Amino acid sequence: MSIRTIFGILLLLMVMQLIGMRLQVRAYRNAVSRLHKLGNLGIGSMRGKFGAGHIVIIACDRDGKIVGGEIMEGMTIFSRFRQMSGIAGKTIYDLAGEYRNLPEKKRKKFKGHLQALEALEARLASEKKKEVESHDEEN
């Protein structure tokens with residue numbers, strides 16, 4: 001095999017990787033846009049062994065009730081976001097509590113979920129603090 005053939009193959013693989021990356025970034029942006037229309041967003045991720053992992057996006061209302069969620073799992077360029085079933089209608093506090101009460105081995109599997117829920121908890125706490133401060137300033 002000639003050196004030109006090897007460089008040609010490497011160039012082709014790099015171009016394919018670039019295209020795949022752009023497709024995944026587009027899918028991520030679309031998922032964020034879609035869920036942001038539903039409410040506040042929490043985003044978490046987990047890297048698995050050998051690059052496989054997941055990205056979790058959870059949306060909730062001002063009271064912490066989950067109104068939607070999507071997850072992208074895997075490590076290939078063909079991975080897409082899909083709806084998370086069984087979480088809509090729960091509160092972020094209850095779901096986070098469920099994940100935190102899992103045994104250590106199972107909890108690791110839900111690391112991205114917990115990151116997203118903790119981000120939502122922090123955002124809602126910050127919003128409530130701002131509301132209290134603005135209410136105090138009015139009085």
# chains A, B, ... in the order shown; residues from 1 in each chain; ligands from 1

call {"tool": "residues_around", "arguments": {"residues": "region 124-137 of chain A", "least_positions_apart": "5", "cutoff": "12 Å", "atoms": "only C-alpha atoms", "output": "PDB file with N, CA and C atoms, in the first residue's frame"}}
result
ATOM      1  N   GLY A  39     -39.912  24.689  29.035  1.00  0.00           N
ATOM      2  CA  GLY A  39     -39.586  25.245  30.350  1.00  0.00           C
ATOM      3  C   GLY A  39     -38.096  25.344  30.579  1.00  0.00           C
ATOM      4  N   ASN A  40     -37.719  25.348  31.860  1.00  0.00           N
ATOM      5  CA  ASN A  40     -36.309  25.415  32.247  1.00  0.00           C
ATOM      6  C   ASN A  40     -35.596  24.126  31.869  1.00  0.00           C
ATOM      7  N   LEU A  41     -34.332  24.244  31.508  1.00  0.00           N
ATOM      8  CA  LEU A  41     -33.569  23.070  31.082  1.00  0.00           C
ATOM      9  C   LEU A  41     -32.449  22.740  32.050  1.00  0.00           C
ATOM     10  N   GLY A  42     -32.254  21.432  32.218  1.00  0.00           N
ATOM     11  CA  GLY A  42     -31.091  20.910  32.914  1.00  0.00           C
ATOM     12  C   GLY A  42     -30.417  19.931  31.966  1.00  0.00           C
ATOM     13  N   ALA A  59     -36.538  19.047  30.932  1.00  0.00           N
ATOM     14  CA  ALA A  59     -37.235  20.324  31.037  1.00  0.00           C
ATOM     15  C   ALA A  59     -38.261  20.237  32.162  1.00  0.00           C
ATOM     16  N   CYS A  60     -38.372  21.336  32.929  1.00  0.00           N
ATOM     17  CA  CYS A  60     -39.378  21.373  33.995  1.00  0.00           C
ATOM     18  C   CYS A  60     -40.017  22.760  34.044  1.00  0.00           C
ATOM     19  N   ASP A  61     -41.175  22.824  34.713  1.00  0.00           N
ATOM     20  CA  ASP A  61     -41.838  24.111  34.867  1.00  0.00           C
ATOM     21  C   ASP A  61     -41.282  24.829  36.099  1.00  0.00           C
ATOM     22  N   ARG A  62     -41.880  25.953  36.461  1.00  0.00           N
ATOM     23  CA  ARG A  62     -41.370  26.773  37.566  1.00  0.00           C
ATOM     24  C   ARG A  62     -41.515  26.095  38.931  1.00  0.00           C
ATOM     25  N   ASP A  63     -42.394  25.088  39.004  1.00  0.00           N
ATOM     26  CA  ASP A  63     -42.611  24.388  40.271  1.00  0.00           C
ATOM     27  C   ASP A  63     -41.750  23.135  40.401  1.00  0.00           C
ATOM     28  N   GLY A  64     -40.963  22.822  39.375  1.00  0.00           N
ATOM     29  CA  GLY A  64     -40.099  21.654  39.416  1.00  0.00           C
ATOM     30  C   GLY A  64     -40.739  20.399  38.847  1.00  0.00           C
ATOM     31  N   LYS A  65     -41.908  20.529  38.239  1.00  0.00           N
ATOM     32  CA  LYS A  65     -42.575  19.376  37.624  1.00  0.00           C
ATOM     33  C   LYS A  65     -41.972  19.143  36.240  1.00  0.00           C
ATOM     34  N   ILE A  92     -38.636  17.203  39.879  1.00  0.00           N
ATOM     35  CA  ILE A  92     -37.191  17.004  39.798  1.00  0.00           C
ATOM     36  C   ILE A  92     -36.636  16.537  41.140  1.00  0.00           C
ATOM     37  N   TYR A  93     -37.273  16.959  42.226  1.00  0.00           N
ATOM     38  CA  TYR A  93     -36.792  16.590  43.559  1.00  0.00           C
ATOM     39  C   TYR A  93     -37.046  15.105  43.838  1.00  0.00           C
ATOM     40  N   LEU A 117     -30.700  17.036  36.697  1.00  0.00           N
ATOM     41  CA  LEU A 117     -31.638  17.360  37.776  1.00  0.00           C
ATOM     42  C   LEU A 117     -31.030  18.354  38.764  1.00  0.00           C
ATOM     43  N   GLU A 118     -29.756  18.193  39.083  1.00  0.00           N
ATOM     44  CA  GLU A 118     -29.093  19.126  39.996  1.00  0.00           C
ATOM     45  C   GLU A 118     -28.986  20.517  39.380  1.00  0.00           C
ATOM     46  N   ALA A 119     -28.780  20.580  38.069  1.00  0.00           N
ATOM     47  CA  ALA A 119     -28.748  21.881  37.393  1.00  0.00           C
ATOM     48  C   ALA A 119     -30.117  22.555  37.479  1.00  0.00           C
TER      49      ALA A 119
END

call {"tool": "residues_around", "arguments": {"residues": "Leu23 (chain A)", "least_positions_apart": "3", "cutoff": "12 Å", "atoms": "only C-alpha atoms", "output": "MDAnalysis selection string"}}
result
chainID A and resid 16:20 26:30 76:81

call {"tool": "write_last_selection", "arguments": {"atoms": "C-alpha atoms", "output": "PDB file, in the first residue's frame"}}
result
ATOM      1  CA  MET A  16     -16.440  11.428   7.836  1.00  0.00           C
ATOM      2  CA  GLN A  17     -15.738  12.219  11.491  1.00  0.00           C
ATOM      3  CA  LEU A  18     -16.269  15.934  10.856  1.00  0.00           C
ATOM      4  CA  ILE A  19     -19.590  15.317   9.110  1.00  0.00           C
ATOM      5  CA  GLY A  20     -20.746  13.019  11.918  1.00  0.00           C
ATOM      6  CA  ARG A  26     -27.227  19.865  15.018  1.00  0.00           C
ATOM      7  CA  ALA A  27     -29.265  17.145  16.775  1.00  0.00           C
ATOM      8  CA  TYR A  28     -28.173  18.549  20.164  1.00  0.00           C
ATOM      9  CA  ARG A  29     -29.157  22.104  19.237  1.00  0.00           C
ATOM     10  CA  ASN A  30     -32.529  20.923  17.936  1.00  0.00           C
ATOM     11  CA  THR A  76     -21.662   6.440  16.937  1.00  0.00           C
ATOM     12  CA  ILE A  77     -22.562   9.239  14.588  1.00  0.00           C
ATOM     13  CA  PHE A  78     -25.938   7.566  14.123  1.00  0.00           C
ATOM     14  CA  SER A  79     -27.062   8.241  17.722  1.00  0.00           C
ATOM     15  CA  ARG A  80     -30.077  10.510  17.994  1.00  0.00           C
ATOM     16  CA  PHE A  81     -32.048  12.040  20.839  1.00  0.00           C
TER      17      PHE A  81
END

call {"tool": "select_by_dssp", "arguments": {"residues": "chain A", "states": "strand (DSSP E)", "output": "list in words"}}
result
Asn40, Leu41, Gly42, Ile43, Gly44, Ser45, Met46, Arg47, Gly53, His54, Ile55, Val56, Ile57, Ile58, Ala59, Cys60, Ile66, Val67, Gly68, Gly69, Glu70, Ile71, Met72, Glu73, Gly74, Arg82 and Gln83 of chain A

call {"tool": "select_by_dssp", "arguments": {"residues": "region 13-139 of chain A", "states": "alpha helix (DSSP H)", "output": "VMD selection string"}}
result
chain A and resid 13 to 36 92 to 100 104 to 109 111 to 138

call {"tool": "residues_around", "arguments": {"residues": "Met46 (chain A)", "least_positions_apart": "6", "cutoff": "10 Å", "atoms": "only C-alpha atoms", "output": "list in words"}}
result
Ala52, Gly53, His54, Ile55, Val56, Glu73, Lys108, Lys109, Phe110, Lys111, Gly112, His113, Leu114 and Gln115 of chain A

call {"tool": "residues_around", "arguments": {"residues": "Gly69 (chain A)", "least_positions_apart": "4", "cutoff": "7 Å", "atoms": "only C-alpha atoms", "output": "JSON, numbers by chain"}}
result
{"A": [57, 58, 59, 83, 84]}

call {"tool": "residues_around", "arguments": {"residues": "region 85-87 of chain A", "least_positions_apart": "4", "cutoff": "8 Å", "atoms": "only C-alpha atoms", "output": "VMD selection string"}}
result
chain A and resid 66 68 to 69 95

call {"tool": "closest_residue", "arguments": {"among": "A:Arg82, A:Lys49, A:Arg4, A:Arg107", "to": "Ala31 (chain A)", "atoms": "only C-alpha atoms"}}
result
A:Arg82

call {"tool": "atom_distance", "arguments": {"atom1": "CA of Val25 (chain A)", "atom2": "CA of Gly8 (chain A)"}}
result
25.9 Å

call {"tool": "closest_residue", "arguments": {"among": "A:Lys37, A:Ser2, A:Leu10, A:Arg47", "to": "Met75 (chain A)", "atoms": "only C-alpha atoms"}}
result
A:Arg47
